[in-house]
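Coordinates as given in target-v3.txt (compact mmCIF, C-alpha atoms and all ligand atoms):
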```
# COMPACT_ATOMS: atom_id res chain seq x y z
CA MET A 298 0.00 0.00 0.00
CA GLU A 299 1.33 3.44 -0.84
CA ASP A 300 2.44 5.50 2.08
CA ILE A 301 0.73 8.78 1.21
CA LEU A 302 -3.07 8.70 1.35
CA LEU A 303 -3.90 12.33 0.78
CA LYS A 304 -1.67 14.64 -1.21
CA ILE A 305 -2.58 18.33 -1.32
CA ARG A 306 -0.52 20.59 -3.59
CA ASP A 307 -0.72 24.39 -3.86
CA VAL A 308 -4.42 24.46 -3.06
CA SER A 309 -6.16 27.81 -2.80
CA LYS A 310 -9.77 28.68 -2.12
CA HIS A 311 -10.99 32.25 -1.98
CA PHE A 312 -14.34 33.75 -1.18
CA GLY A 313 -14.55 37.07 -2.95
CA GLY A 314 -11.41 38.89 -1.87
CA ILE A 315 -10.61 36.60 1.08
CA TYR A 316 -8.05 33.87 0.57
CA ALA A 317 -9.41 31.38 3.12
CA VAL A 318 -6.87 28.79 1.90
CA ASN A 319 -3.79 30.17 0.22
CA GLY A 320 -1.37 27.79 -1.51
CA VAL A 321 -1.55 24.85 0.88
CA SER A 322 0.57 21.75 0.29
CA LEU A 323 0.58 18.82 2.68
CA ASP A 324 0.57 15.03 2.85
CA VAL A 325 -1.42 12.73 5.08
CA LYS A 326 0.35 9.42 5.42
CA HIS A 327 -1.32 6.08 5.88
CA GLY A 328 -1.98 5.13 9.53
CA GLY A 329 -2.24 7.10 12.74
CA ILE A 330 -3.76 10.48 13.51
CA CYS A 331 -2.68 13.53 11.55
CA GLY A 332 -3.58 16.83 13.21
CA LEU A 333 -4.44 20.20 11.70
CA VAL A 334 -4.33 23.18 14.06
CA GLY A 335 -4.27 26.94 13.87
CA PRO A 336 -6.07 29.98 15.24
CA ASN A 337 -9.71 30.79 14.44
CA GLY A 338 -10.25 31.70 10.82
CA SER A 339 -6.93 30.26 9.64
CA GLY A 340 -8.66 28.13 6.97
CA LYS A 341 -8.82 24.65 8.51
CA THR A 342 -12.52 23.99 7.88
CA THR A 343 -12.31 25.50 4.40
CA LEU A 344 -9.41 23.17 3.59
CA PHE A 345 -11.43 20.17 4.84
CA ASN A 346 -14.48 21.20 2.83
CA THR A 347 -12.33 21.61 -0.26
CA VAL A 348 -10.86 18.12 0.20
CA LEU A 349 -14.37 16.71 0.66
CA GLY A 350 -15.67 18.23 -2.56
CA LEU A 351 -17.92 20.86 -0.99
CA HIS A 352 -15.75 23.59 -2.49
CA ARG A 353 -13.85 23.41 -5.74
CA PRO A 354 -10.26 24.51 -5.27
CA ASP A 355 -9.48 27.67 -7.24
CA GLU A 356 -5.94 26.44 -7.68
CA GLY A 357 -3.92 23.33 -6.96
CA THR A 358 -4.52 19.60 -6.88
CA ILE A 359 -5.83 17.08 -4.37
CA HIS A 360 -4.97 13.41 -4.76
CA PHE A 361 -6.41 10.58 -2.72
CA HIS A 362 -4.73 7.20 -3.26
CA SER A 363 -2.90 8.78 -6.23
CA ARG A 364 -6.19 9.71 -7.85
CA CYS A 365 -7.04 13.35 -8.55
CA ILE A 366 -10.28 14.20 -6.71
CA ASN A 367 -10.43 17.92 -7.52
CA ASN A 368 -13.57 17.73 -9.56
CA LEU A 369 -15.39 14.84 -7.92
CA ALA A 370 -18.76 15.30 -6.22
CA PRO A 371 -18.85 14.73 -2.43
CA HIS A 372 -20.64 11.38 -2.72
CA ARG A 373 -18.02 10.08 -5.16
CA ILE A 374 -15.28 11.11 -2.76
CA TYR A 375 -17.18 9.30 -0.01
CA GLU A 376 -17.32 6.17 -2.15
CA LEU A 377 -13.56 6.25 -2.51
CA GLY A 378 -13.30 5.96 1.28
CA LEU A 379 -12.66 9.58 2.20
CA VAL A 380 -15.35 10.30 4.76
CA ASN A 381 -16.66 12.99 7.08
CA SER A 382 -19.74 12.52 9.19
CA PHE A 383 -21.69 15.27 7.42
CA GLN A 384 -21.81 13.03 4.32
CA LEU A 385 -23.76 10.43 6.29
CA PRO A 386 -27.52 10.46 6.61
CA ARG A 387 -28.30 12.74 9.54
CA LEU A 388 -28.72 11.55 13.09
CA PHE A 389 -32.31 10.69 13.95
CA PRO A 390 -33.03 11.55 17.61
CA GLN A 391 -36.21 9.46 17.61
CA LEU A 392 -34.37 6.30 16.50
CA THR A 393 -32.27 4.08 18.74
CA VAL A 394 -28.51 4.39 18.79
CA LEU A 395 -28.24 1.04 17.00
CA ASP A 396 -30.68 2.05 14.26
CA ASN A 397 -28.74 5.24 13.72
CA MET A 398 -25.65 3.11 13.17
CA LEU A 399 -27.46 0.93 10.64
CA VAL A 400 -28.81 3.95 8.78
CA ALA A 401 -25.25 5.28 8.49
CA ALA A 402 -23.98 1.96 7.11
CA ARG A 403 -26.76 1.63 4.58
CA GLY A 404 -26.94 5.23 3.51
CA HIS A 405 -24.77 4.84 0.45
CA GLN A 406 -25.07 1.16 -0.25
CA GLY A 407 -28.27 1.52 -2.26
CA ASP A 408 -30.74 0.01 0.18
CA ARG A 409 -33.27 -0.66 -2.50
CA LEU A 410 -36.81 -1.67 -1.74
CA VAL A 411 -36.57 -4.40 -4.37
CA ASN A 412 -33.74 -6.00 -2.47
CA SER A 413 -35.70 -6.09 0.72
CA ILE A 414 -38.65 -7.78 -1.00
CA PHE A 415 -37.05 -10.23 -3.44
CA LEU A 416 -33.83 -10.96 -1.65
CA ARG A 417 -35.29 -11.10 1.79
CA GLU A 418 -33.15 -13.95 3.07
CA ARG A 419 -29.90 -12.47 1.88
CA TRP A 420 -30.97 -9.11 3.20
CA GLN A 421 -31.63 -10.56 6.66
CA GLU A 422 -28.24 -12.23 6.63
CA GLN A 423 -26.56 -8.93 5.80
CA GLU A 424 -28.64 -7.18 8.43
CA LYS A 425 -27.37 -9.60 11.07
CA GLU A 426 -23.77 -8.97 10.08
CA LEU A 427 -24.32 -5.21 10.15
CA ILE A 428 -25.86 -5.37 13.61
CA GLU A 429 -22.89 -7.33 14.94
CA GLU A 430 -20.49 -4.87 13.37
CA ALA A 431 -22.41 -1.89 14.75
CA LEU A 432 -22.42 -3.35 18.25
CA GLY A 433 -18.68 -3.97 18.02
CA ILE A 434 -18.01 -0.34 17.10
CA LEU A 435 -20.41 0.91 19.79
CA GLU A 436 -18.51 -1.17 22.32
CA LEU A 437 -15.26 0.49 21.31
CA VAL A 438 -16.71 3.96 21.93
CA GLU A 439 -18.41 2.70 25.11
CA LEU A 440 -21.92 3.22 23.79
CA ASP A 441 -22.88 -0.47 23.58
CA THR A 442 -24.92 -0.26 26.78
CA HIS A 443 -26.90 2.54 25.10
CA ALA A 444 -27.55 0.63 21.87
CA PHE A 445 -31.28 0.52 22.53
CA SER A 446 -31.60 4.01 23.97
CA PHE A 447 -32.99 6.72 21.74
CA ALA A 448 -30.35 9.00 20.32
CA SER A 449 -32.24 11.88 21.95
CA GLN A 450 -31.39 10.41 25.38
CA LEU A 451 -27.63 10.72 24.85
CA SER A 452 -25.54 13.51 26.34
CA GLY A 453 -23.75 15.94 24.03
CA GLY A 454 -20.50 14.04 24.44
CA GLN A 455 -22.16 10.70 23.75
CA ARG A 456 -23.77 12.10 20.60
CA LYS A 457 -20.36 13.14 19.43
CA LEU A 458 -19.07 9.61 20.02
CA LEU A 459 -22.06 8.29 18.10
CA GLU A 460 -21.27 10.59 15.16
CA ILE A 461 -17.74 9.23 15.08
CA ALA A 462 -19.01 5.65 15.45
CA ARG A 463 -21.31 6.29 12.48
CA GLY A 464 -18.34 7.56 10.50
CA LEU A 465 -16.45 4.36 11.32
CA MET A 466 -19.47 2.30 10.24
CA ALA A 467 -18.82 3.56 6.70
CA LYS A 468 -15.41 1.80 6.87
CA PRO A 469 -13.45 4.81 5.66
CA THR A 470 -9.83 4.71 4.63
CA LEU A 471 -9.48 8.31 5.76
CA LEU A 472 -11.87 9.90 8.24
CA LEU A 473 -11.82 13.70 8.54
CA LEU A 474 -12.99 15.04 11.89
CA ASP A 475 -13.48 18.76 12.55
CA GLU A 476 -13.09 19.44 16.28
CA PRO A 477 -14.26 16.08 17.67
CA ALA A 478 -13.38 17.01 21.27
CA ALA A 479 -15.10 20.41 21.21
CA GLY A 480 -17.78 20.72 23.88
CA ILE A 481 -17.06 17.45 25.64
CA ASN A 482 -15.31 17.13 28.99
CA PRO A 483 -11.52 16.64 28.97
CA VAL A 484 -11.71 13.08 30.32
CA LEU A 485 -14.08 11.96 27.58
CA GLY A 486 -12.08 13.96 25.03
CA LYS A 487 -8.96 12.05 25.94
CA LYS A 488 -10.81 8.74 25.90
CA LEU A 489 -12.13 9.59 22.46
CA PHE A 490 -8.65 10.19 21.11
CA GLU A 491 -7.49 6.93 22.67
CA LYS A 492 -10.21 5.16 20.67
CA LEU A 493 -9.27 6.95 17.47
CA TRP A 494 -5.70 5.95 18.06
CA ASP A 495 -6.76 2.28 18.44
CA PHE A 496 -8.77 2.50 15.22
CA SER A 497 -5.89 4.14 13.41
CA HIS A 498 -4.02 0.85 13.62
CA ASN A 499 -6.90 -1.05 12.06
CA GLY A 500 -7.14 0.42 8.59
CA THR A 501 -8.64 3.87 9.20
CA THR A 502 -6.39 6.91 9.16
CA PHE A 503 -7.61 10.13 10.82
CA PHE A 504 -7.09 13.72 9.75
CA VAL A 505 -8.30 15.83 12.64
CA VAL A 506 -8.82 19.53 13.28
CA GLU A 507 -8.73 20.11 17.02
CA HIS A 508 -8.44 23.15 19.28
CA ARG A 509 -7.78 20.99 22.34
CA LEU A 510 -4.07 20.88 21.60
CA GLU A 511 -3.06 19.10 24.81
CA ILE A 512 -5.18 16.10 23.81
CA LEU A 513 -4.36 16.13 20.10
CA PHE A 514 -0.61 16.43 20.68
CA GLU A 515 -0.62 13.36 22.88
CA PHE A 516 -2.00 11.14 20.11
CA ALA A 517 -1.10 12.70 16.76
CA SER A 518 1.82 11.27 14.81
CA TRP A 519 2.12 14.48 12.77
CA VAL A 520 0.68 17.98 13.11
CA TYR A 521 0.29 20.76 10.53
CA VAL A 522 -0.13 24.35 11.68
CA MET A 523 -2.16 26.80 9.60
CA ASP A 524 -2.15 30.58 9.87
CA LYS A 525 -3.96 33.00 7.58
CA GLY A 526 -4.72 30.38 4.95
CA LYS A 527 -1.21 28.90 4.81
CA VAL A 528 0.51 25.91 6.35
CA VAL A 529 3.27 27.61 8.32
CA THR A 530 4.89 24.53 9.85
CA GLY A 531 4.45 20.81 10.33
CA GLY A 532 6.10 18.03 12.28
CA GLN A 533 5.83 15.62 15.15
CA PRO A 534 4.04 17.15 18.14
CA ARG A 535 7.22 17.26 20.25
CA THR A 536 8.95 19.26 17.51
CA ILE A 537 5.98 21.57 17.02
CA ILE A 538 5.75 22.54 20.69
CA SER A 539 9.25 23.97 20.51
CA ASP A 540 8.73 25.65 17.15
CA PRO A 541 8.53 29.47 17.38
CA VAL A 542 6.44 29.54 14.18
CA PHE A 543 3.72 27.60 16.00
CA TYR A 544 3.60 30.15 18.82
CA ARG A 545 3.66 33.07 16.42
CA ALA A 546 0.59 31.64 14.64
CA TYR A 547 -1.35 31.64 17.89
CA LEU A 548 0.00 34.79 19.48
CA GLY A 549 0.19 36.94 16.36
CA GLU A 550 3.12 39.00 15.15
CA GLU A 551 5.29 40.41 17.91
N1 LIG A 601 -18.48 30.38 2.78
C1 LIG A 601 -17.66 31.40 3.09
N2 LIG A 601 -17.84 32.61 2.53
C2 LIG A 601 -17.00 33.63 2.83
N3 LIG A 601 -15.97 33.54 3.67
C3 LIG A 601 -15.75 32.36 4.27
C4 LIG A 601 -16.58 31.23 4.02
N4 LIG A 601 -16.11 30.18 4.75
C5 LIG A 601 -15.04 30.64 5.42
N5 LIG A 601 -14.82 31.95 5.14
C6 LIG A 601 -13.71 32.78 5.66
O1 LIG A 601 -12.52 32.06 5.41
C7 LIG A 601 -11.61 32.18 6.50
C8 LIG A 601 -11.25 30.80 7.02
O2 LIG A 601 -12.36 30.23 7.69
P1 LIG A 601 -12.40 28.74 8.24
O3 LIG A 601 -13.77 28.50 8.74
O4 LIG A 601 -11.88 27.84 7.20
O5 LIG A 601 -11.37 28.83 9.45
P2 LIG A 601 -11.07 27.76 10.60
O6 LIG A 601 -9.60 27.64 10.65
O7 LIG A 601 -11.87 26.54 10.41
O8 LIG A 601 -11.57 28.56 11.89
P3 LIG A 601 -12.17 27.96 13.27
O9 LIG A 601 -11.00 27.45 14.05
O10 LIG A 601 -12.77 29.17 13.94
O11 LIG A 601 -13.18 26.92 12.95
C9 LIG A 601 -12.29 33.09 7.53
O12 LIG A 601 -11.83 34.40 7.30
C10 LIG A 601 -13.74 32.96 7.17
O13 LIG A 601 -14.45 34.10 7.54
MG MG A 602 -13.33 25.54 11.56
```
Would you mind writing the file's structure down as structure tokens?
Ligand SMILES: Nc1ncnc2c1ncn2[C@@H]1O[C@H](COP(=O)(O)OP(=O)(O)OP(=O)(O)O)[C@@H](O)[C@H]1O
Ligand SMILES: [Mg+2]
Amino acid sequence: MEDILLKIRDVSKHFGGIYAVNGVSLDVKHGGICGLVGPNGSGKTTLFNTVLGLHRPDEGTIHFHSRCINNLAPHRIYELGLVNSFQLPRLFPQLTVLDNMLVAARGHQGDRLVNSIFLRERWQEQEKELIEEALGILELVELDTHAFSFASQLSGGQRKLLEIARGLMAKPTLLLLDEPAAGINPVLGKKLFEKLWDFSHNGTTFFVVEHRLEILFEFASWVYVMDKGKVVTGGQPRTIISDPVFYRAYLGEE
């Protein structure tokens, strides 16, 4: 398997006069957690949305598994295994946690009515496998005991874990997460990253924007720092925390 999963070269995206992303080049290698940090408005979410096909890059190229994905629609990018939870069918509060997992798995597999009528037996077989898989993933994010609760009964932090579990249900090669630890308590945030780290050794690589640097830096194998639309530095967390460029991005020009 090739080492580089996602290859971004000279990508720019502007909105009117604002260069939200300005000539970004970076690689996300296979395996582990790759972090993307930077102050508010530095272009992180715009870069993610450009990778995911929500925005067309104005300049530059994006390759996933050596294939150019610049002009692909979001659902095609999803099919290639590059996933973000917004591409999944939305969370239904009135359904159980387990059903929400199944909806996420089926969403893009063409769950045709015909199949459920004429291929009933096969369909039931697949359903059983999906349920087992969903329960396994729920166990990993410690939501298995809530499998039959309604999604509406979950706390904010648990919902977040469910969103990530739903992302994993799609069996992505690369899962993009934008601030997964935002709004959840530090203990759960750390636990969440521990889980991601476990998953990252089982075929799913993570590319994660996170403002909770103390948690991200503990688990990331590589971190890129953005400032004003540009990647200003990148490296292993222990290198980044002694890099003046990293501090300058957060503290502004002295
Ligand atoms: N759809 C849009 N139209 C116009 N300007 C936009 C749009 N989306 C983002 N921007 C601008 O682009 C810049 C980068 O925004 P972006 O949301 O990518 O930053 P971010 O790094 O994700 O910030 P945060 O950490 O606060 O989430 C900001 O100046 C923002 O106002
Ligand atoms: Mg953002």
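For the set A:Arg364, A:Arg463, A:Arg509, A:Arg306, the residue with the smallest atom-to-atom gap to ligand LIG 601 (chain A) is A:Arg509, counting all atoms listed in the file.
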Env. residues ligand MG 602 (chain A) / 12 Å / all atoms listed in the file / as a PyMOL selection string: chain A and resi 317+333-346+474-477+479+505-508+523+526
Between atom CA of A:Glu426 and atom CA of A:Trp494, what is the distance, to one decimal in Å?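 Result for atom CA of A:Glu426 versus atom CA of A:Trp494: 24.8 Å, one decimal.
If you measure from each of A:Gln533, A:Ser322, A:Thr393, A:Thr347 to ligand LIG 601 (chain A) using only C-alpha atoms and all ligand atoms, the closest one turns out to be A:Thr347.
The nearest approach to ligand LIG 601 (chain A) among the residues A:Ile315, A:Val321, A:Met466, A:Ala517, with all atoms listed in the file taken into account, belongs to A:Ile315.
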Using all atoms listed in the file, which residue out of A:Ser363, A:Thr470, A:Thr536, A:Asn482 lies closest to A:Gly329? A:Thr470
For atom CA of A:Thr530 and atom CA of A:Tyr316, quote the distance in Å rounded to one decimal. 18.5 Å
For ligand LIG 601 (chain A), which of A:Val522, A:Glu356, A:Ile537, A:Ile305 is the closest residue, counting only C-alpha atoms and all ligand atoms?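 The closest residue to ligand LIG 601 (chain A) is A:Val522.
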Two-atom distance - atom CA of A:Ala478, atom CA of A:Lys457 (Å):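 The value is 8.2 Å.
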Could you pull the residues within 7 Å of A:Gly328, counting all atoms listed in the file, minus those fewer than 6 positions along the same chain, as a ChimeraX atom specification? /A:497-498,501-502
Please give the centre and size of the box around ligand LIG 601 (chain A) (axis-aligned, containing every atom listed in the file, 5 Å added per side), with values in Å to one decimal and written as lines of an AutoDock Vina configuration file.
```
center_x = -14.0
center_y = 30.5
center_z = 8.3
size_x = 18.9
size_y = 17.9
size_z = 21.5
```
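When all atoms listed in the file are used to measure the gap to A:Leu302, the shortest distance among A:Leu377, A:Val520, A:Leu489, A:Leu369 belongs to A:Leu377.
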Got a sec: who's within 12 Å of A:Leu471, counting only C-alpha atoms, leaving out chain neighbours fewer than 5 positions off, as a ChimeraX atom specification? /A:301-303,325-331,348-349,361-362,374-382,464-465,493,496-497,499-505
Nearby residues, (-29.6, 4.1, 21.6) file frame, 9 Å, only C-alpha atoms, as a ChimeraX atom specification: /A:392-397,440-451
Residue neighbourhood A:Gly454, 8 Å, all atoms listed in the file, exclusion window fewer than 5 positions, as a PDB file with C-alpha atoms, keeping the file's coordinate frame:
```
ATOM      1  CA  GLY A 480     -17.780  20.720  23.880  1.00  0.00           C
ATOM      2  CA  ILE A 481     -17.060  17.450  25.640  1.00  0.00           C
ATOM      3  CA  ASN A 482     -15.310  17.130  28.990  1.00  0.00           C
ATOM      4  CA  LEU A 485     -14.080  11.960  27.580  1.00  0.00           C
TER       5      LEU A 485
END
```
